[in-house]
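*Asks:* Have a look at the structure that comes next, please.
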Amino acid sequence: MKKIEAIIKPAKLEAIKDALAEAGIEGMTVSEVKGYGKQQGHQEVYRGVSYQVEFVPKVKIEIVVSNEEFLKQAIEIIKDKAHTDKVGDGKIFVLDVLKTIRIRTGEEDTEAL
Amino acid sequence: MKKIEAIIKPAKLEAIKDALAEAGIEGMTVSEVKGYGKQQGHQEVYRGVSYQVEFVPKVKIEIVVSNEEFLKQAIEIIKDKAHTDKVGDGKIFVLDVLKTIRIRTGEEDTEAL
Amino acid sequence: MKKIEAIIKPAKLEAIKDALAEAGIEGMTVSEVKGYGKQQGHQEVYRGVSYQVEFVPKVKIEIVVSNEEFLKQAIEIIKDKAHTDKVGDGKIFVLDVLKTIRIRTGEEDTEAL
Amino acid sequence: MLDTGNTAWMLVATAFVMLMTPAGLALFYGGMTKRKNVLNTMGMSFVAFAIGTLVWVIAGYSIAFGEGDFIGTGKIMLNGITDKTLSGSIPELLFVAFQGTFAAIAVAIASGSMIERVKFSTFCIFSALWILVVYAPITHWAWGGGETLNFGEMDFAGGTVVHINAGVAGLVAALILGKRAKADAGVKPFSPILAVLGAVLLWFGWFGFNAGSQLASDGVASNAFLITNVAAAAGAIAWLLAENIMYKTPTLIGGASGAVAGLVAITPAAGSAGVDGAMIIGLVGGFVGFISVNKLKNLFKVDDSLDAFWVHGTVGIWGSIATAIFIAPYLMADDYNMGSQLVSQIQAILLTIVYSAVGTAIVFYIASFLGGGARVSEDDESEGLDESTHGENAINL
Amino acid sequence: MLDTGNTAWMLVATAFVMLMTPAGLALFYGGMTKRKNVLNTMGMSFVAFAIGTLVWVIAGYSIAFGEGDFIGTGKIMLNGITDKTLSGSIPELLFVAFQGTFAAIAVAIASGSMIERVKFSTFCIFSALWILVVYAPITHWAWGGGETLNFGEMDFAGGTVVHINAGVAGLVAALILGKRAKADAGVKPFSPILAVLGAVLLWFGWFGFNAGSQLASDGVASNAFLITNVAAAAGAIAWLLAENIMYKTPTLIGGASGAVAGLVAITPAAGSAGVDGAMIIGLVGGFVGFISVNKLKNLFKVDDSLDAFWVHGTVGIWGSIATAIFIAPYLMADDYNMGSQLVSQIQAILLTIVYSAVGTAIVFYIASFLGGGARVSEDDESEGLDESTHGENAINL
Amino acid sequence: MLDTGNTAWMLVATAFVMLMTPAGLALFYGGMTKRKNVLNTMGMSFVAFAIGTLVWVIAGYSIAFGEGDFIGTGKIMLNGITDKTLSGSIPELLFVAFQGTFAAIAVAIASGSMIERVKFSTFCIFSALWILVVYAPITHWAWGGGETLNFGEMDFAGGTVVHINAGVAGLVAALILGKRAKADAGVKPFSPILAVLGAVLLWFGWFGFNAGSQLASDGVASNAFLITNVAAAAGAIAWLLAENIMYKTPTLIGGASGAVAGLVAITPAAGSAGVDGAMIIGLVGGFVGFISVNKLKNLFKVDDSLDAFWVHGTVGIWGSIATAIFIAPYLMADDYNMGSQLVSQIQAILLTIVYSAVGTAIVFYIASFLGGGARVSEDDESEGLDESTHGENAINL
Ligand SMILES: Nc1ncnc2c1ncn2[C@@H]1O[C@H](COP(=O)(O)OP(=O)(O)O)[C@@H](O)[C@H]1O
Ligand SMILES: Nc1ncnc2c1ncn2[C@@H]1O[C@H](COP(=O)(O)OP(=O)(O)O)[C@@H](O)[C@H]1O
Ligand SMILES: Nc1ncnc2c1ncn2[C@@H]1O[C@H](COP(=O)(O)OP(=O)(O)O)[C@@H](O)[C@H]1O
């Protein structure tokens, strides 16, 4: 099993979720994060003092998938939907998952997803 | 070392924390997330317009444990306490951890936990 | 590629970010979490009722690095900057990352970082 | 002769009505908006009050309360009015201030139909023009000395002049603007706390609105005060009960909306109804509002975002008709004729609907032209107007 | 004869007191509640005002201010009152409205003891019954012409009638309800911002409450206004100092609570104390409140969630006794006898405590029966009443 | 003779001005602060009002309005004043209360310069001393009967006495305090919602401030009311336009600040300007505020955190000068001489600046000494004063 962690622009979440659901990938966990990277935040002026906002609001999506097939599909969908060609589109990381359990039933691994 | 990532119902956090502490597992990191899965969210009506709330508030618990013993125990406790038999109880994922450092002392791995 | 997950005191974030940036590590993702550990929270009194606040606000930093060199450097910086010698300074975990993709360009792994 | 008691009351009543727009309505609307548009929504009420205030003293008051049949003239920049000029027993300058707060709230009510997409600059221009072209003439006919277009309607505090007028204006503007990108996806309102606080400030300010419309601190004003309170309470209870029956969840936004509906309903009747009439007017008002927002609205395809028409419009019509029906014996003229009064009410309602609809449409097109378009870009809409228009964030945690 | 100045003041005073319940108390209590129960808590104050308003004009006013010794009668639905009927120099309809806001706030204060667990429907029924069965009779004896049960106590603005009464009612209701599931676990209050804003609105409204109780805009009202302000300030300072000494952290919720305590303390004395007396009454009031909430409370096992009794009850008793002690020379009757006045005060306090306790218990059981239970289910309590009762969320970020 | 109408108005006006400090200013300032210092910032306004109220009746009023040339005496603890003593046509006790709210808001305005670092205890002591040593004497010279230091300046409602005075005091305190640790890093204001609500409550209260300064409900008060509203609206529009031109983003905090600037500007002129003058005074006032905050400020190295000087100081100076220039014909004395009046205005401005600067510096050093230091520790500053000083959190989600 693999886990995808994608850092994306908040506005893209819904499109990704819908596309994943259509492809049969129906589980994910989402959280709000702040990103720091090449996208340098922006200059703001507040009461005459200007300053740099360095952290940019992002959304992190975590998806655990049971096989390579789903992994590839999910990555493709995210790449496709999160893409705007502008700096700050985000990153996809893939990690290994040793075990998965569905709390409700106790099912494990592939059945749990 | 292994890392447990459990996605649970927010109301279950306290019971799990207490049970883990009793079992001697006294470190964890908790964050608020939104989940999407079989639990389909719910229909809401607001000013006469009804719509689907698809993301459900969940809590993510991260626990790094130093050995299989603790891993098993922690999983059992979470399964037991987070369980309501209703859809949306959540999932437990296990990942591998290569290294742990306690910032305060510089201790590493097992001693750091 | 490795992923660093560091749980730190919120006040230390800026110093760490600045030091990492200086060292050429310019990507990271930050989120607000609550920690439970040896640092036992604190006693609070509210309207004459005293109680224990067990979860302490922490910040989680996630940094994916492409090689051991950066990994070591990043860990040293975090240890150095997050250090206060008081309980609750936090932990650093290192995990393995199988793959990285930059959404904007489709670049993979080392180039994506 | 100036009466210090009446003047004291009117100073306060004016301040109360002032509070309704940049605080009451701003919070009521702001709390019901999506998080990313809270400030823009509040900003529209705020700026409507600022612009309305200026436009009113410059020319609005002259059009509404100057001499003339179809339109008033002669009081541009309050020409000829000094601190000694009286309106009845209060200084005319105070009457100017009092009436100005009505103009401002009318256009702010209409802003509720346009939120989450209208261009801020366009709305600013719209506010100024609308008060001059739509609000001031209607006021002139009802209260300002217009004869030909005054049908003898009873409109004590602005049921027709303010509420039906503003509701129709909102609906027309929403129609021209088009729907929000995700109008059907539903909204999580930012915070019912703000919406309730806003509604309560509206309720509070409405004492100035209704009891102030007597322009004196006397028995009729006291009656207006009491029945305003009763109708608001009845409206809130009616809406909560309806929600409880239909959805099993009485909501705070429902209670707040019901209070507003009760207040809208009693507005034209505040000078004539008794406490029993007020109870009926308020209860039915709350119920009409509930049905309008939860049922009627869905029969139409107009994205009246915060239901300006479905509360102020429909309930305003109910209130205006009810005014002719529920009159306290001690406030009824000896020769009162309900039939002919009902005809007057309906004539005034129809005139207001037609004039407001046409006038608003014209004014809205002009404002869009001058403001560089009616709507913000799709990107700005999806990012939220707080960030894209104002560069601000409702709350920085 | 109607006095326009007095009437102007009473119109405003009534609006001020109105604001105290659905805004002041709603925010004060809402801000101190757990995040998941904020709306429900605010909703109770809101609905208490709406229900109280209706019940008051229907029958409450008649019981409180109708003719009769033990109970008033004859003014159901304000029977016989017109816009020309006067109460002293103001319209009686205005007096009705003014007094109605007192009834509403009393039951809303009591809601603070029941939050986070009481069923909303049960509380609604309770509100209506309590005003009729408990509040209106006590008012009748103190202010409404009851003779047998009037002991000649000094209670200018409702120290006994409103505050002790409401505090006792809250305590009894909390006792019957039982503790919240995690009553001892402590609470992070949702937002001190709201609590402070609420307390300030209470302070503001209290000018209407206390200075309005003179029913005229004169020297006594001005004295009442000034000393109300002084006592509130003194109460706030006393509580902050006590916190600073005991915990090293002067809190905003402490300052807000202290101001409320000072206001409660001065209420019965607002018509008779001078500025020096007010300072003492306020300082001690703040201190009594602090000790009650931080020490006395823990000797009892009743989960009076927001300390309605420990502020309004205990401090109310202090205020009532202090009223007989601290009288400004220029407001003291020539034949004033402190000893016999103290006896009167204590008699009135005891009567209020006993009647309120018994009456509240009976009414609460009836309400629970009619409302289908006193408490929400354990699951609903743990989920939070905002979501489970209202389907709403205090803030959607 | 007591006039009930005037007294009614002044009761209300006093309540209005009261609301400005612990609600209006507390929210306006609190909303613009960093999240971790919101409560501390609000707490300073709250406690300034409480302390100011007590200090005022104890000795401040005596210094300001007692007999004497350089300083007043004889009214310690309101000695000799009863409910029957009049100030013109209203009770003197009411005049005491009204003027006390001015003292409190002045020191609360100055708190805006010190936030995010000043010690709470030090600020408390400072408030008390500053009112006695700086505010009360300046008031005595301008309004209280002082002769030698009264230059015949026109200051209807406190442009010099309150605003320039408070602005200078803030600047001096900020200078002595030193910069915040990250003063140049910019701030995300906690919530523009609170800032706007606060500004609107200031606007609302300012009706009491300006129209109340007439101490009567008459034509001049009505004129003051109307032009206060006009100037606030004009100030808001001016600031929004300037922002739009310079940054392309008209902000809500800008609109709110502009309204406050307009209000500051019209304050001294509220008794003499007409509607046209008010429009100019307000527009220029908004613009002066904008330029001060966005340009002038950066020429200096003082960390006046919330720009107390750059709004109240600079705009106050503009208003004071404008007062001599823009006078309504119907309010102008027959022998009015603009030249000599301008000299008077400038003399009063300079006196205020010098005395306030010196007095504030002395008082601030004394307060720092008594309070155990001027600033909190670096750690406490970086943790935020809400947690470190009060042990509270603005919002617990
Ligand atoms: N090395 C990294 N480790 C963890 N998160 C990263 C890393 N680099 C970037 N990110 C996350 O990805 C987001 C986008 O990265 P950025 O460099 O701004 O743009 P891009 O991906 O288009 O090059 C960042 O805001 C951050 O949240
Ligand atoms: N494949 C997945 N990857 C990551 N998180 C998941 C995945 N599937 C489910 N989750 C998380 O687990 C939660 C519960 O899952 P759900 O399918 O609703 O119910 P159940 O676990 O009872 O089958 C979801 O809300 C989501 O946060
Ligand atoms: N086993 C663990 N798994 C995950 N997070 C942990 C673990 N132990 C500690 N943490 C996180 O690290 C933080 C600091 O740990 P704590 O035990 O309080 O102090 P210290 O690291 O100084 O010993 C905790 O608040 C928690 O967020």
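The chains in the structure tokens are called A, B, ... from first to last as shown; in each chain the residues are counted from 1, and the ligands are counted from 1 in the order shown.
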Pull out every residue of chain A that has at least one atom within 10 Å of chain D, counting only C-alpha atoms, and report them as a list in words.
*Replies:* Pro10, Ala11, Glu44, Val45 and Tyr46 of chain A
*Asks:* For chain E versus chain D, which residues have an atom no more than 7 Å away, and what is each residue's nearest atom pair and distance in Å rounded to one decimal, using only C-alpha atoms, chain-then-number order, as a tab-separated table?
*Replies:*
residue	atom	partner	partner_atom	distance
E:Thr4	CA	D:Gly5	CA	4.4
E:Gly5	CA	D:Gly5	CA	3.7
E:Thr7	CA	D:Ser217	CA	5.7
E:Ala8	CA	D:Trp9	CA	4.8
E:Ala15	CA	D:Phe204	CA	6.3
E:Leu19	CA	D:Phe204	CA	6.5
E:Pro22	CA	D:Val200	CA	6.5
E:Ala23	CA	D:Leu197	CA	6.1
E:Leu39	CA	D:Ile193	CA	6.9
E:Gly43	CA	D:Leu252	CA	6.3
E:Ala50	CA	D:Ala233	CA	4.2
E:Ile51	CA	D:Ala233	CA	6.9
E:Thr53	CA	D:Val230	CA	6.3
E:Leu54	CA	D:Val230	CA	6.2
E:Thr82	CA	D:Tyr330	CA	6.2
E:Asp83	CA	D:Gly219	CA	4.5
E:Lys84	CA	D:Gly219	CA	5.8
E:Pro91	CA	D:Gly219	CA	5.5
E:Leu93	CA	D:Asn223	CA	6.0
E:Leu94	CA	D:Ser222	CA	5.1
E:Ala97	CA	D:Leu226	CA	5.5
E:Thr389	CA	D:Thr249	CA	6.0
E:His390	CA	D:Thr249	CA	4.8
E:Gly391	CA	D:Thr249	CA	6.2
E:Glu392	CA	D:Thr251	CA	6.9
E:Ala394	CA	D:Ser191	CA	5.6
E:Ile395	CA	D:Ser191	CA	4.5
E:Asn396	CA	D:Phe190	CA	5.0
E:Leu397	CA	D:Arg35	CA	6.4
*Asks:* Near chain B, meaning an atom within 8 Å, which residues of chain C appear when counting only C-alpha atoms? Write them as a PyMOL selection string.
*Replies:* chain C and resi 32-38+78-79+82-96
*Asks:* Could you go through segment 53-109 of chain B and tell me which residues DSSP, when run on the backbone, assigns to strand (DSSP E or B), listing them as a list in words?
*Replies:*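 Filtering segment 53-109 of chain B down to strand (DSSP E or B) leaves Val53, Val56, Pro57, Lys58, Val59, Lys60, Ile61, Glu62, Ile63, Val64, Val65, Lys91, Ile92, Phe93, Val94, Leu95, Asp96, Lys99, Thr100, Ile101, Arg102 and Glu108 of chain B.
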*Asks:* Can you list every residue in chain B that DSSP puts in helix (DSSP H, G or I), as a ChimeraX atom specification?
*Replies:* /B:10-22,68-82,109-112
*Asks:* Pick out the residues sitting within 12 Å of Gly48 of chain C, and hand them over as a list in words; count only C-alpha atoms, and ignore anything fewer than 2 positions along from it in its own chain.
*Replies:*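 Here the qualifying residues turn out to be Glu44, Val45, Tyr46, Ser50 and Tyr51 of chain C; Asp184, Ala185, Gly186, Val187, Glu243, Met246, Tyr247, Gly254, Gly289, Phe290, Ile291, Ser292, Val293, Asn294, Lys295, Leu296, Lys297, Asn298, Leu299, Asp304, Ser305, Leu306, Asp307 and Trp310 of chain E.
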*Asks:* Atoms to include: C-alpha atoms. Write the selected residues as a PDB file, in the first residue's frame.
*Replies:*
ATOM      1  CA  GLU C  44      -5.751  26.451  34.450  1.00  0.00           C
ATOM      2  CA  VAL C  45      -8.433  27.990  36.588  1.00  0.00           C
ATOM      3  CA  TYR C  46     -11.581  29.169  34.993  1.00  0.00           C
ATOM      4  CA  SER C  50      -9.220  24.288  38.034  1.00  0.00           C
ATOM      5  CA  TYR C  51      -8.383  21.774  35.367  1.00  0.00           C
TER       6      TYR C  51
ATOM      7  CA  ASP E 184     -15.353  19.144  36.541  1.00  0.00           C
ATOM      8  CA  ALA E 185     -13.115  18.989  33.532  1.00  0.00           C
ATOM      9  CA  GLY E 186     -13.129  22.737  33.138  1.00  0.00           C
ATOM     10  CA  VAL E 187     -13.930  24.641  30.020  1.00  0.00           C
ATOM     11  CA  GLU E 243      -7.640  37.746  40.572  1.00  0.00           C
ATOM     12  CA  MET E 246      -4.945  35.056  43.968  1.00  0.00           C
ATOM     13  CA  TYR E 247      -3.862  33.858  40.525  1.00  0.00           C
ATOM     14  CA  GLY E 254     -12.833  38.507  35.386  1.00  0.00           C
ATOM     15  CA  GLY E 289     -18.818  37.858  43.306  1.00  0.00           C
ATOM     16  CA  PHE E 290     -15.198  36.801  43.062  1.00  0.00           C
ATOM     17  CA  ILE E 291     -15.273  34.865  46.308  1.00  0.00           C
ATOM     18  CA  SER E 292     -18.607  33.276  45.454  1.00  0.00           C
ATOM     19  CA  VAL E 293     -17.416  32.032  42.094  1.00  0.00           C
ATOM     20  CA  ASN E 294     -13.927  31.046  43.168  1.00  0.00           C
ATOM     21  CA  LYS E 295     -14.526  29.667  46.646  1.00  0.00           C
ATOM     22  CA  LEU E 296     -18.103  29.361  47.897  1.00  0.00           C
ATOM     23  CA  LYS E 297     -19.284  27.651  44.754  1.00  0.00           C
ATOM     24  CA  ASN E 298     -16.936  24.743  45.271  1.00  0.00           C
ATOM     25  CA  LEU E 299     -18.509  23.974  48.629  1.00  0.00           C
ATOM     26  CA  ASP E 304     -24.495  26.203  38.060  1.00  0.00           C
ATOM     27  CA  SER E 305     -22.678  26.387  34.752  1.00  0.00           C
ATOM     28  CA  LEU E 306     -22.211  30.121  34.344  1.00  0.00           C
ATOM     29  CA  ASP E 307     -22.668  31.050  37.986  1.00  0.00           C
ATOM     30  CA  TRP E 310     -22.948  32.997  42.393  1.00  0.00           C
TER      31      TRP E 310
END
*Asks:* Quick one: of A:Val56, A:Asn67, A:Lys81, A:Lys9, who's nearest to ligand 2, counting only C-alpha atoms and all ligand atoms?
*Replies:*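 Using only C-alpha atoms and all ligand atoms, the shortest distance to ligand 2 belongs to A:Asn67.
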